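This is input-v4.txt. It holds compact mmCIF, C-alpha atoms.
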# COMPACT_ATOMS: atom_id res chain seq x y z
CA MET N 1 -19.14 4.60 -42.16
CA ASN N 2 -17.28 1.45 -43.12
CA LEU N 3 -15.65 -1.44 -41.28
CA GLU N 4 -12.20 0.12 -41.46
CA GLU N 5 -13.42 3.30 -39.72
CA LEU N 6 -15.13 1.25 -36.99
CA ALA N 7 -11.96 -0.75 -36.40
CA LEU N 8 -9.87 2.43 -36.29
CA HIS N 9 -12.10 3.71 -33.47
CA LYS N 10 -12.11 0.28 -31.77
CA ASN N 11 -15.89 0.23 -31.84
CA ALA N 12 -16.66 -3.44 -31.08
CA LEU N 13 -20.45 -2.98 -31.01
CA GLY N 14 -20.34 -1.08 -34.28
CA ILE N 15 -18.21 -3.79 -35.88
CA ARG N 16 -20.63 -6.51 -34.74
CA ARG N 17 -23.60 -4.55 -36.08
CA PHE N 18 -21.82 -3.76 -39.35
CA VAL N 19 -20.98 -7.43 -39.95
CA ALA N 20 -24.46 -8.65 -38.95
CA THR N 21 -26.16 -6.04 -41.15
CA ARG N 22 -24.00 -6.78 -44.17
CA ASN N 23 -24.41 -10.57 -43.64
CA PHE N 24 -28.18 -10.13 -43.47
CA LEU N 25 -28.18 -8.17 -46.74
CA ARG N 26 -26.21 -10.91 -48.53
CA ALA N 27 -28.35 -13.69 -47.06
CA TYR N 28 -31.59 -11.87 -47.92
CA GLN N 29 -30.47 -11.33 -51.51
CA ALA N 30 -29.83 -15.08 -51.79
CA ASP N 31 -33.04 -16.08 -49.98
CA PRO N 32 -35.91 -13.62 -49.36
CA ASN N 33 -37.18 -15.86 -46.54
CA THR N 34 -34.15 -14.93 -44.43
CA ARG N 35 -35.26 -13.66 -41.02
CA ILE N 36 -34.21 -10.20 -39.97
CA PRO N 37 -31.50 -10.06 -37.30
CA PRO N 38 -32.26 -8.95 -33.74
CA ALA N 39 -32.54 -5.17 -33.35
CA GLU N 40 -29.36 -5.01 -31.27
CA ASP N 41 -27.42 -6.61 -34.15
CA TYR N 42 -28.81 -4.53 -37.02
CA GLU N 43 -28.01 -0.97 -38.06
CA SER N 44 -29.62 0.38 -41.21
CA SER N 45 -27.13 3.23 -41.47
CA TYR N 46 -24.60 0.66 -42.73
CA LEU N 47 -26.70 0.17 -45.88
CA THR N 48 -26.98 2.40 -48.91
CA ALA N 49 -30.39 3.76 -49.93
CA GLY N 50 -30.56 1.10 -52.66
CA GLU N 51 -29.71 -1.69 -50.20
CA LYS N 52 -32.36 -0.43 -47.77
CA ALA N 53 -34.91 -0.69 -50.58
CA ILE N 54 -33.83 -4.29 -51.19
CA VAL N 55 -34.43 -5.38 -47.57
CA ARG N 56 -37.52 -3.22 -46.92
CA PRO N 57 -39.92 -6.11 -47.77
CA ALA N 58 -38.35 -8.24 -45.01
CA PHE N 59 -39.23 -5.59 -42.44
CA ARG N 60 -42.75 -5.19 -43.81
CA LYS N 61 -43.23 -8.96 -43.60
CA ALA N 62 -41.93 -9.02 -40.01
CA GLY N 63 -44.29 -6.17 -39.08
CA ASP N 64 -47.22 -7.96 -40.67
CA GLU N 65 -46.38 -11.13 -38.73
CA LEU N 66 -46.21 -9.21 -35.46
CA TYR N 67 -49.55 -7.59 -36.15
CA LEU N 68 -51.25 -10.86 -37.09
CA ASN N 69 -49.84 -12.57 -34.01
CA SER N 70 -51.13 -9.74 -31.81
CA MET N 71 -54.65 -10.28 -33.20
CA LYS N 72 -54.73 -13.96 -32.23
CA PRO N 73 -56.82 -14.71 -29.16
CA LYS N 74 -54.78 -15.43 -26.07
CA ASN N 75 -55.59 -18.68 -24.31
Let me see whether you can do it: turn the structure in this file into C-alpha cells.
Amino acid sequence: MNLEELALHKNALGIRRFVATRNFLRAYQADPNTRIPPAEDYESSYLTAGEKAIVRPAFRKAGDELYLNSMKPKN
C-alpha cells in the first residue's frame, strides 16, 4: 500500500501511520539513536523487507531497554 492508495480511500489513520513510519525510517537511517514512534503511529507493513531489516535493531534496543527497566527494583 502507498500514500496515494490511502488518500484515495480517505484513510486518515493510515495516512498518519504511513507518514510517521516513513519519517522514522529516514530519521533512523540518518541517526541510529532515533527513538521508535509510538505503536499507534507505526505500521511495519508500510516498509519493505529490506527497510524492516534496517530498523530491526531499533526495536531490539527498545525491547532490551524495557526488559532492563523491568528488572530494576521498585522503590
Practice item. Please provide the set of residues having any atom within 10 Å of stretch 23-38 of chain N, restricted to only C-alpha atoms, with same-chain residues fewer than 6 positions apart removed, written as number ranges by chain. Key: N: 17, 47, 51-52, 54-55, 57-59, 61-62
Could you name the residues that touch stretch 7-14 of chain N at 9 Å or less, counting only C-alpha atoms, but leaving out those on the same chain fewer than 5 positions away, as a CSV table (one decimal) with C-alpha atoms, in the frame of the given file?
chain,number,residue,atom,x,y,z
N,2,ASN,CA,-17.3,1.4,-43.1
N,19,VAL,CA,-21.0,-7.4,-40.0
N,41,ASP,CA,-27.4,-6.6,-34.2
N,43,GLU,CA,-28.0,-1.0,-38.1
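For the atom pair formed by atom CA of N:Tyr46 and atom CA of N:Arg16, the distance is 11.4 Å, given to one decimal.
Interatomic distance, atom CA of N:Arg22 against atom CA of N:Glu4: 13.9 Å.
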Review point. What does the distance between atom CA of N:Ile15 and atom CA of N:Glu40 come to in Å, to one decimal place?
Key: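 Distance reported for this atom pair: 12.1 Å.
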